[in-house]
$ cat input-v6.csv   # CSV, C-alpha atoms
chain,number,residue,atom,x,y,z
A,1,MET,CA,-0.7,-24.4,7.0
A,2,ALA,CA,-1.6,-21.7,4.6
A,3,HIS,CA,-0.2,-18.2,4.6
A,4,VAL,CA,-3.4,-16.8,5.9
A,5,ASP,CA,-3.2,-19.1,8.9
A,6,ARG,CA,0.4,-18.0,9.7
A,7,ILE,CA,-0.8,-14.4,9.6
A,8,ARG,CA,-3.6,-15.3,12.0
A,9,ARG,CA,-1.0,-16.8,14.4
A,10,LEU,CA,1.2,-13.7,14.0
A,11,LEU,CA,-1.8,-11.4,14.9
A,12,ASP,CA,-2.4,-13.5,17.9
A,13,LEU,CA,1.1,-12.8,19.2
A,14,GLN,CA,0.8,-9.1,18.8
A,15,GLY,CA,-0.5,-6.5,21.2
A,16,SER,CA,1.1,-7.3,24.6
A,17,HIS,CA,3.8,-4.6,24.2
A,18,PRO,CA,2.7,-1.0,24.6
A,19,VAL,CA,4.5,0.3,21.5
A,20,GLU,CA,3.0,-2.6,19.5
A,21,ARG,CA,-0.4,-1.5,20.6
A,22,ALA,CA,0.3,2.1,19.6
A,23,LEU,CA,1.3,0.9,16.2
A,24,LEU,CA,-1.7,-1.3,15.8
A,25,GLU,CA,-4.3,1.1,17.1
A,26,GLY,CA,-2.9,4.5,16.1
A,27,GLU,CA,-4.9,6.5,13.6
A,28,VAL,CA,-3.1,7.0,10.3
A,29,VAL,CA,-2.5,10.8,9.7
A,30,ALA,CA,0.1,10.5,6.9
A,31,TYR,CA,1.0,7.9,4.4
A,32,GLU,CA,3.5,8.8,1.8
A,33,PRO,CA,5.7,6.8,-0.6
A,34,HIS,CA,9.4,7.3,-1.1
A,35,GLN,CA,10.1,10.7,-2.6
A,36,THR,CA,12.3,8.9,-5.2
A,37,GLY,CA,10.1,6.1,-6.4
A,38,ALA,CA,13.3,4.4,-7.6
A,39,ARG,CA,12.7,1.5,-9.9
A,40,GLY,CA,13.8,-2.0,-8.8
A,41,VAL,CA,13.5,-1.1,-5.1
A,42,ASN,CA,11.0,-2.5,-2.7
A,43,SER,CA,8.3,0.0,-1.9
A,44,VAL,CA,8.3,1.5,1.6
A,45,PHE,CA,5.8,4.1,2.9
A,46,TYR,CA,6.4,6.8,5.5
A,47,VAL,CA,3.6,6.7,8.0
A,48,GLU,CA,2.5,9.0,10.8
A,49,LEU,CA,0.2,7.7,13.5
A,50,GLU,CA,-1.7,9.5,16.3
A,51,PRO,CA,-0.6,10.5,18.8
A,52,ASP,CA,3.0,11.0,17.7
A,53,LEU,CA,4.5,8.0,16.0
A,54,VAL,CA,6.5,7.7,12.8
A,55,ALA,CA,6.9,4.3,11.2
A,56,PHE,CA,7.6,2.7,7.9
A,57,HIS,CA,5.2,0.4,6.1
A,58,LYS,CA,6.3,-2.3,3.7
A,59,PRO,CA,3.3,-4.0,2.0
A,60,HIS,CA,3.6,-7.4,0.4
A,61,ASP,CA,2.6,-5.7,-2.9
A,62,GLY,CA,5.7,-3.5,-2.9
A,63,ILE,CA,8.2,-6.3,-2.9
A,64,VAL,CA,10.3,-6.8,-6.0
A,65,PRO,CA,9.9,-10.5,-6.8
A,66,ARG,CA,13.4,-10.8,-8.3
A,67,ILE,CA,15.0,-9.4,-5.1
A,68,ALA,CA,12.9,-11.6,-2.9
A,69,ARG,CA,13.7,-14.7,-4.9
A,70,ASP,CA,17.4,-14.0,-4.7
A,71,TYR,CA,17.2,-14.2,-1.0
A,72,GLY,CA,15.1,-17.3,-1.1
A,73,HIS,CA,11.9,-15.5,-0.1
A,74,SER,CA,8.5,-15.1,-1.8
A,75,LEU,CA,6.2,-12.1,-1.8
A,76,ASP,CA,4.5,-13.6,1.3
A,77,THR,CA,7.5,-13.9,3.6
A,78,PRO,CA,9.5,-10.6,4.1
A,79,PRO,CA,6.8,-8.7,6.1
A,80,VAL,CA,6.1,-11.8,8.2
A,81,CYS,CA,9.9,-12.4,8.9
A,82,GLU,CA,10.2,-8.7,9.8
A,83,CYS,CA,7.5,-9.0,12.4
A,84,ALA,CA,8.8,-12.4,13.6
A,85,ALA,CA,12.2,-10.9,14.3
A,86,TRP,CA,10.6,-8.4,16.6
A,87,GLN,CA,8.5,-11.0,18.3
A,88,LEU,CA,11.6,-13.1,18.9
A,89,ALA,CA,13.5,-10.1,20.3
A,90,ARG,CA,10.6,-9.2,22.6
A,91,GLN,CA,10.5,-12.7,24.0
A,92,LEU,CA,14.3,-13.0,24.3
A,93,GLY,CA,14.0,-9.8,26.5
A,94,HIS,CA,16.9,-7.6,27.5
A,95,PRO,CA,18.8,-6.3,25.5
A,96,PHE,CA,17.2,-7.6,22.4
A,97,ASP,CA,13.8,-5.9,23.0
A,98,ARG,CA,15.6,-2.6,23.3
A,99,LEU,CA,17.8,-3.1,20.2
A,100,VAL,CA,15.2,-4.3,17.6
A,101,ALA,CA,12.7,-1.9,16.1
A,102,VAL,CA,9.1,-2.7,17.3
A,103,THR,CA,7.3,-4.0,14.3
A,104,VAL,CA,3.7,-5.1,13.7
A,105,TYR,CA,1.7,-6.6,10.9
A,106,ARG,CA,-1.2,-4.5,9.8
A,107,ALA,CA,-3.0,-2.9,6.9
A,108,VAL,CA,-2.1,0.8,6.4
A,109,GLY,CA,-3.1,3.2,3.7
A,110,PRO,CA,-3.7,6.9,3.0
A,111,PRO,CA,-5.9,8.6,5.7
A,112,GLY,CA,-9.4,9.2,4.5
A,113,SER,CA,-9.3,6.4,2.0
A,114,ASP,CA,-11.4,3.2,2.4
A,115,PRO,CA,-9.6,1.0,4.9
A,116,ASP,CA,-10.7,-2.0,2.9
A,117,SER,CA,-8.3,-0.8,0.2
A,118,TRP,CA,-5.3,-0.6,2.5
A,119,LEU,CA,-2.5,-3.0,2.0
A,120,ASP,CA,-1.2,-5.6,4.5
A,121,GLY,CA,2.4,-5.5,5.5
A,122,SER,CA,4.9,-4.8,8.2
A,123,LEU,CA,4.9,-1.5,10.1
A,124,ALA,CA,8.2,-0.8,11.9
A,125,LEU,CA,8.7,2.0,14.3
A,126,LYS,CA,11.2,4.7,13.1
A,127,LEU,CA,14.5,4.4,15.0
A,128,GLU,CA,16.4,7.5,16.2
A,129,GLY,CA,19.9,8.0,15.0
A,130,ALA,CA,21.9,7.7,11.8
A,131,ALA,CA,23.1,4.9,9.5
A,132,MET,CA,26.8,4.1,8.7
A,133,LYS,CA,27.9,4.5,12.3
A,134,GLY,CA,29.4,1.1,12.6
A,135,SER,CA,32.8,2.3,13.8
A,136,ALA,CA,31.1,4.3,16.6
A,137,VAL,CA,28.9,1.5,17.6
A,138,LYS,CA,31.8,-1.0,17.9
A,139,ARG,CA,33.8,1.6,19.8
A,140,GLU,CA,31.1,3.0,22.1
A,141,VAL,CA,28.6,0.2,22.7
A,142,PRO,CA,30.5,-3.0,22.0
A,143,ASP,CA,28.3,-5.1,24.2
A,144,ASP,CA,25.3,-4.1,22.2
A,145,ALA,CA,27.2,-4.8,18.9
A,146,MET,CA,28.0,-8.3,20.2
A,147,ALA,CA,24.4,-8.9,21.3
A,148,ALA,CA,23.4,-7.9,17.8
A,149,GLY,CA,25.8,-10.5,16.4
A,150,PHE,CA,24.1,-13.1,18.5
A,151,PHE,CA,20.7,-12.0,17.4
A,152,ASP,CA,21.6,-11.9,13.7
A,153,ALA,CA,23.1,-15.4,13.9
A,154,LEU,CA,20.0,-16.7,15.5
A,155,ILE,CA,17.5,-15.2,13.0
A,156,GLY,CA,19.9,-15.9,10.1
A,157,ASN,CA,19.9,-12.3,9.0
A,158,GLN,CA,20.8,-12.3,5.4
A,159,ASP,CA,21.8,-8.7,4.9
A,160,ARG,CA,23.0,-6.8,7.9
A,161,HIS,CA,25.2,-4.1,6.4
A,162,PRO,CA,26.2,-0.7,7.8
A,163,GLY,CA,23.0,0.8,6.4
A,164,GLN,CA,20.8,-1.7,8.2
A,165,PHE,CA,21.1,-0.3,11.8
A,166,ARG,CA,20.9,3.1,13.3
A,167,TYR,CA,23.1,4.7,16.0
A,168,ASP,CA,21.8,7.5,18.2
A,169,GLU,CA,25.2,8.9,19.2
A,170,PRO,CA,24.0,11.4,21.9
A,171,ASN,CA,22.1,8.6,23.7
A,172,HIS,CA,24.5,5.7,22.8
A,173,ALA,CA,21.6,3.7,21.5
A,174,LEU,CA,21.9,1.1,18.8
A,175,GLY,CA,18.8,0.2,16.8
A,176,LEU,CA,18.4,-2.8,14.5
A,177,LEU,CA,16.0,-2.7,11.6
A,178,ASP,CA,15.0,-4.2,8.3
A,179,HIS,CA,14.7,-7.9,9.1
A,180,GLY,CA,12.6,-8.9,6.1
A,181,PHE,CA,15.3,-11.0,4.7
A,182,SER,CA,15.9,-13.2,7.7
A,183,PHE,CA,14.8,-16.7,8.9
A,184,PRO,CA,16.2,-18.1,5.7
A,185,VAL,CA,15.7,-21.5,4.2
A,186,GLU,CA,18.7,-23.9,4.3
A,187,ALA,CA,21.7,-22.8,2.2
A,188,ALA,CA,20.1,-19.4,1.3
A,189,LEU,CA,22.5,-16.6,0.7
A,190,CYS,CA,23.8,-14.2,3.3
A,191,ARG,CA,25.1,-11.0,1.8
A,192,GLY,CA,25.9,-9.0,5.0
A,193,ALA,CA,26.8,-10.1,8.6
A,194,TYR,CA,28.2,-6.9,10.0
A,195,PHE,CA,27.7,-7.6,13.8
A,196,GLN,CA,28.1,-11.4,13.4
A,197,SER,CA,31.5,-10.9,12.0
A,198,PHE,CA,32.4,-8.5,14.7
A,199,ARG,CA,31.2,-10.9,17.4
A,200,ARG,CA,33.1,-13.8,15.8
A,201,GLN,CA,36.2,-11.7,15.9
A,202,GLU,CA,35.8,-10.3,19.5
A,203,HIS,CA,34.1,-12.9,21.5
A,204,PRO,CA,32.8,-16.0,19.5
A,205,ARG,CA,31.8,-18.0,22.6
A,206,LEU,CA,28.2,-17.8,23.8
A,207,THR,CA,27.6,-16.1,27.2
A,208,GLU,CA,25.7,-18.0,29.9
A,209,HIS,CA,22.7,-15.8,29.3
A,210,GLU,CA,22.7,-16.6,25.6
A,211,ARG,CA,23.0,-20.3,26.3
A,212,LYS,CA,20.0,-20.1,28.6
A,213,LEU,CA,17.9,-18.3,25.9
A,214,LEU,CA,18.8,-20.8,23.3
A,215,ARG,CA,18.0,-23.7,25.6
A,216,ALA,CA,14.6,-22.2,26.3
A,217,LEU,CA,13.9,-21.7,22.6
A,218,VAL,CA,14.9,-25.2,21.5
A,219,ASP,CA,13.0,-26.7,24.4
A,220,ASP,CA,9.8,-24.9,23.3
A,221,PRO,CA,8.0,-27.0,20.6
A,222,GLU,CA,6.3,-23.7,19.5
A,223,LEU,CA,9.6,-21.8,19.3
A,224,PHE,CA,8.1,-18.9,21.3
A,225,GLY,CA,5.1,-18.9,19.0
A,226,LEU,CA,7.1,-18.6,15.8
A,227,ALA,CA,6.6,-22.2,14.8
A,228,GLY,CA,3.1,-21.3,13.6
A,229,VAL,CA,4.1,-18.0,12.1
A,230,LEU,CA,7.1,-19.0,10.0
A,231,GLU,CA,6.9,-21.5,7.1
A,232,PRO,CA,7.9,-24.9,8.4
A,233,ASP,CA,11.3,-25.0,6.7
A,234,ARG,CA,12.2,-21.6,8.1
A,235,ALA,CA,11.1,-22.6,11.6
A,236,ALA,CA,13.1,-25.8,11.3
A,237,ARG,CA,16.2,-23.8,10.4
A,238,LEU,CA,15.6,-21.4,13.4
A,239,ARG,CA,15.6,-24.4,15.7
A,240,TRP,CA,18.7,-25.8,13.8
A,241,ARG,CA,20.7,-22.6,14.2
A,242,ALA,CA,19.8,-22.4,17.9
A,243,GLN,CA,20.8,-26.0,18.5
A,244,ARG,CA,24.0,-25.7,16.4
A,245,MET,CA,25.1,-22.7,18.5
A,246,LEU,CA,24.4,-24.6,21.7
A,247,ASP,CA,26.3,-27.7,20.4
A,248,LEU,CA,29.4,-25.6,19.3
A,249,ASP,CA,29.1,-23.0,22.0
A,250,VAL,CA,29.9,-20.3,19.5
A,251,ILE,CA,28.2,-17.7,17.3
A,252,LEU,CA,27.6,-19.1,13.8
A,253,LEU,CA,29.8,-17.9,11.0
A,254,LYS,CA,28.3,-15.7,8.3
A,255,GLY,CA,26.3,-17.8,5.8
A,256,VAL,CA,25.7,-20.7,8.2
A,257,VAL,CA,22.0,-20.5,8.1
B,258,MET,CA,18.6,13.6,12.5
B,259,GLY,CA,22.1,12.4,13.6
B,260,TYR,CA,23.8,13.0,10.3
B,261,ASP,CA,26.7,15.5,9.7
B,262,SER,CA,25.6,18.4,7.5
B,263,LEU,CA,26.1,18.1,3.8
B,264,ALA,CA,28.8,20.2,2.3
B,265,LEU,CA,27.6,22.3,-0.6
B,266,GLU,CA,30.9,22.4,-2.5
B,267,ARG,CA,32.0,19.3,-4.4
B,268,VAL,CA,35.6,18.4,-3.4
B,269,GLY,CA,38.2,16.5,-5.2
B,270,SER,CA,36.5,15.8,-8.6
B,271,THR,CA,37.9,17.2,-11.8
B,272,ARG,CA,35.1,15.9,-14.0
B,273,GLU,CA,32.2,18.2,-14.9
B,274,VAL,CA,29.8,15.2,-15.1
B,275,PRO,CA,30.6,12.4,-12.7
B,276,MET,CA,30.2,8.8,-13.9
B,277,ILE,CA,27.6,7.9,-11.3
B,278,GLU,CA,26.1,10.0,-8.5
B,279,VAL,CA,24.2,8.3,-5.7
B,280,GLN,CA,22.2,10.3,-3.3
B,281,PHE,CA,21.0,9.4,0.3
B,282,SER,CA,17.9,11.2,1.7
B,283,VAL,CA,16.1,11.0,5.0
B,284,PRO,CA,12.5,12.1,5.6
B,285,ASP,CA,11.5,14.9,8.0
B,286,GLY,CA,7.9,15.2,9.0
B,287,SER,CA,8.3,17.8,11.6
B,288,VAL,CA,7.1,20.6,9.4
B,289,GLY,CA,3.5,19.4,8.8
B,290,HIS,CA,4.4,17.5,5.7
B,291,VAL,CA,7.2,15.2,4.7
B,292,GLU,CA,10.4,16.8,3.4
B,293,TRP,CA,13.4,14.8,2.2
B,294,HIS,CA,16.8,16.0,3.1
B,295,VAL,CA,20.0,14.9,1.4
B,296,VAL,CA,22.5,13.7,3.9
B,297,ALA,CA,25.2,12.2,1.6
B,298,ILE,CA,26.2,12.0,-2.0
B,299,LEU,CA,28.5,9.4,-3.4
B,300,VAL,CA,30.4,10.2,-6.6
B,301,ILE,CA,31.7,7.1,-8.4
B,302,ASP,CA,34.2,8.0,-11.0
B,303,GLY,CA,36.0,5.0,-12.4
B,304,PRO,CA,37.6,3.3,-9.4
B,305,HIS,CA,37.3,6.4,-7.2
B,306,LEU,CA,34.7,7.0,-4.6
B,307,GLU,CA,34.1,10.5,-3.3
B,308,ILE,CA,31.8,11.3,-0.4
B,309,GLN,CA,30.0,14.6,0.1
B,310,GLY,CA,28.2,15.1,3.4
B,311,ASP,CA,28.4,12.8,6.3
B,312,PRO,CA,32.0,11.3,6.1
B,313,ASP,CA,30.8,8.2,7.9
B,314,PHE,CA,29.2,7.1,4.7
B,315,ALA,CA,32.6,5.8,3.8
B,316,GLU,CA,31.3,2.6,5.4
B,317,VAL,CA,29.0,2.2,2.4
B,318,ARG,CA,31.9,0.9,0.5
B,319,ASP,CA,31.8,-2.4,2.4
B,320,ILE,CA,28.2,-3.2,1.4
B,321,GLU,CA,27.9,-6.1,-0.9
B,322,VAL,CA,24.9,-5.6,-3.3
B,323,LEU,CA,22.7,-7.7,-5.5
B,324,ASP,CA,23.0,-7.2,-9.2
B,325,VAL,CA,19.3,-7.4,-10.0
B,326,GLU,CA,19.8,-8.4,-13.6
B,327,THR,CA,22.3,-11.2,-13.1
B,328,GLY,CA,21.5,-12.3,-9.5
B,329,GLN,CA,25.2,-12.0,-8.7
B,330,SER,CA,26.7,-10.3,-5.6
B,331,VAL,CA,28.8,-7.2,-6.4
B,332,THR,CA,31.3,-5.4,-4.3
B,333,PHE,CA,32.7,-1.9,-4.9
B,334,ASP,CA,36.2,-3.2,-5.4
B,335,ALA,CA,35.1,-5.8,-8.0
B,336,ASP,CA,33.0,-3.4,-10.1
B,337,PRO,CA,32.4,0.1,-8.8
B,338,GLU,CA,29.9,1.1,-11.5
B,339,ARG,CA,27.7,-2.0,-11.3
B,340,TRP,CA,27.9,-1.7,-7.5
B,341,ALA,CA,26.7,1.9,-7.6
B,342,ARG,CA,23.8,1.2,-10.0
B,343,ASN,CA,22.5,-1.6,-7.7
B,344,LEU,CA,23.2,0.1,-4.4
B,345,PRO,CA,19.6,1.5,-4.0
B,346,GLN,CA,18.0,-1.9,-3.5
B,347,ALA,CA,20.3,-2.5,-0.5
B,348,PHE,CA,18.4,0.2,1.4
B,349,ARG,CA,14.9,-1.1,2.3
B,350,SER,CA,14.1,0.4,5.6
B,351,GLY,CA,12.4,3.6,4.3
B,352,ASP,CA,14.1,6.0,6.7
B,353,LEU,CA,17.2,6.3,4.4
B,354,VAL,CA,16.5,6.4,0.7
B,355,CYS,CA,19.3,5.7,-1.8
B,356,GLU,CA,18.9,6.8,-5.4
B,357,VAL,CA,21.1,7.0,-8.5
B,358,VAL,CA,20.6,10.6,-9.6
B,359,THR,CA,23.3,10.8,-12.3
B,360,ASP,CA,24.5,8.0,-14.5
B,361,SER,CA,26.5,9.4,-17.5
B,362,SER,CA,26.7,6.0,-19.1
B,363,ALA,CA,23.0,5.5,-19.1
B,364,ASP,CA,22.5,9.1,-20.3
B,365,ALA,CA,24.9,8.4,-23.2
B,366,ILE,CA,23.1,5.2,-24.1
B,367,ARG,CA,19.7,7.0,-24.0
B,368,GLU,CA,21.1,9.8,-26.2
B,369,SER,CA,22.6,7.4,-28.8
B,370,GLY,CA,19.3,5.4,-28.8
B,371,ALA,CA,17.4,8.6,-29.5
B,372,ILE,CA,19.7,9.5,-32.4
B,373,ALA,CA,19.4,6.0,-33.8
B,374,ALA,CA,15.7,6.2,-33.6
B,375,GLY,CA,15.8,9.5,-35.6
B,376,ALA,CA,14.5,11.6,-32.8
$ encode --input "input-v6.csv" --output "structure tokens"
Amino acid sequence: MAHVDRIRRLLDLQGSHPVERALLEGEVVAYEPHQTGARGVNSVFYVELEPDLVAFHKPHDGIVPRIARDYGHSLDTPPVCECAAWQLARQLGHPFDRLVAVTVYRAVGPPGSDPDSWLDGSLALKLEGAAMKGSAVKREVPDDAMAAGFFDALIGNQDRHPGQFRYDEPNHALGLLDHGFSFPVEAALCRGAYFQSFRRQEHPRLTEHERKLLRALVDDPELFGLAGVLEPDRAARLRWRAQRMLDLDVILLKGVV
Amino acid sequence: MGYDSLALERVGSTREVPMIEVQFSVPDGSVGHVEWHVVAILVIDGPHLEIQGDPDFAEVRDIEVLDVETGQSVTFDADPERWARNLPQAFRSGDLVCEVVTDSSADAIRESGAIAAGA
């Protein structure tokens, strides 16, 4: 199956969630690059959509090939994996659909420009809260931190570090973002596993709810629709991680992808 | 925005020019256009890490980064300068931008190159 076919399958999965629809259908009113334009960093664009949404767009064209290769990805995969992580969270349900940033695949570009010139990529809803609040998260919402550990182990998150989640302290809300480097191929590197390590330390065993979710995933030949979205080797590893956790009844260690 | 306010005074450093300074900014579109606000600055001076702004950015020290030139993973403890120079690519979400704003080694190399070239 070609990349374009996988994109088609991803588009078919999108649109059932109200925030997805808002991201997909909202008129673009602002589209701005990073202020910094730092070299060697994947391009991300600040986007404002009608009626009142802020999101971040990561086009395929903005990916630095060297960085993608290092994680075992290509220019095709990070935006797709980012969207796939949200689709999986949505289908896993509570609490994952509350924790993971709603993300869709669409073309976005400057308002007023020809939409045919817009670039395809992932568009992730801005999360409230601040980065680097890992201590507060583990102290104040440990159940969410442990759920995040399960989710990261399942998607094989390759770089969950303290800058890759947000914590809205007044509302005690954890938000997970930036899943472009996930759904790795076998033996790909894992650089950060913040919540996975926490979960392994605090409560490595799966909960009954998690076992139920994993069973449903491995019993579905379509992997909740992701079998047609992810490249075959990435889909196979998702199934492998789910089955491995079921077999061992524990959260996988960092780097077991 | 959820970040502690940035202190205006530098604390603890005795160097006039730090070895490497890394700045973190967040976008604010509430004013009709996008403004970027600095929420934290890291000053890496040899093996020392100084944080200005939100003190929770001390957690940044635990981030393992990719050295884009060599493909190796680098930690702060292993090589603070190389770690600092490669830190920006660890932040890919767009709502928190990391940038090296001062690098005295790179400045020195540029200056010596300019002199060698007869500029």
$ residues_around --input "input-v6.csv" --residues "region 155-167 of chain A" --least-positions-apart "6" --cutoff "7 Å" --atoms "only C-alpha atoms" --output "PyMOL selection string"
(chain A and resi 85+127-134+137+173-179+181-184+189-194+238+257) or (chain B and resi 316-317+320+348)
$ interface_residues --input "input-v6.csv" --of "chain B" --to "chain A" --cutoff "7 Å" --atoms "all atoms listed in the file" --output "PyMOL selection string"
chain B and resi 258-260+313-314+316-317+320-321+325+328+345-346+348-351+356
$ write_last_selection --input "input-v6.csv" --atoms "C-alpha atoms" --output "CSV table (one decimal), in the frame of the given file"
chain,number,residue,atom,x,y,z
B,258,MET,CA,18.6,13.6,12.5
B,259,GLY,CA,22.1,12.4,13.6
B,260,TYR,CA,23.8,13.0,10.3
B,313,ASP,CA,30.8,8.2,7.9
B,314,PHE,CA,29.2,7.1,4.7
B,316,GLU,CA,31.3,2.6,5.4
B,317,VAL,CA,29.0,2.2,2.4
B,320,ILE,CA,28.2,-3.2,1.4
B,321,GLU,CA,27.9,-6.1,-0.9
B,325,VAL,CA,19.3,-7.4,-10.0
B,328,GLY,CA,21.5,-12.3,-9.5
B,345,PRO,CA,19.6,1.5,-4.0
B,346,GLN,CA,18.0,-1.9,-3.5
B,348,PHE,CA,18.4,0.2,1.4
B,349,ARG,CA,14.9,-1.1,2.3
B,350,SER,CA,14.1,0.4,5.6
B,351,GLY,CA,12.4,3.6,4.3
B,356,GLU,CA,18.9,6.8,-5.4
$ atom_distance --input "input-v6.csv" --atom1 "CA of Ser117 (chain A)" --atom2 "CA of Cys355 (chain B)"
28.4 Å
$ residues_around --input "input-v6.csv" --residues "Ala227 (chain A)" --least-positions-apart "3" --cutoff "12 Å" --atoms "only C-alpha atoms" --output "ChimeraX atom specification"
/A:1,5-7,9-10,13,81,84,87-88,183,217-218,220-224,230-239
$ closest_residue --input "input-v6.csv" --among "B:Ala347, B:Ile308, B:Leu353, B:Ala341" --to "Val283 (chain B)" --atoms "only C-alpha atoms"
B:Leu353
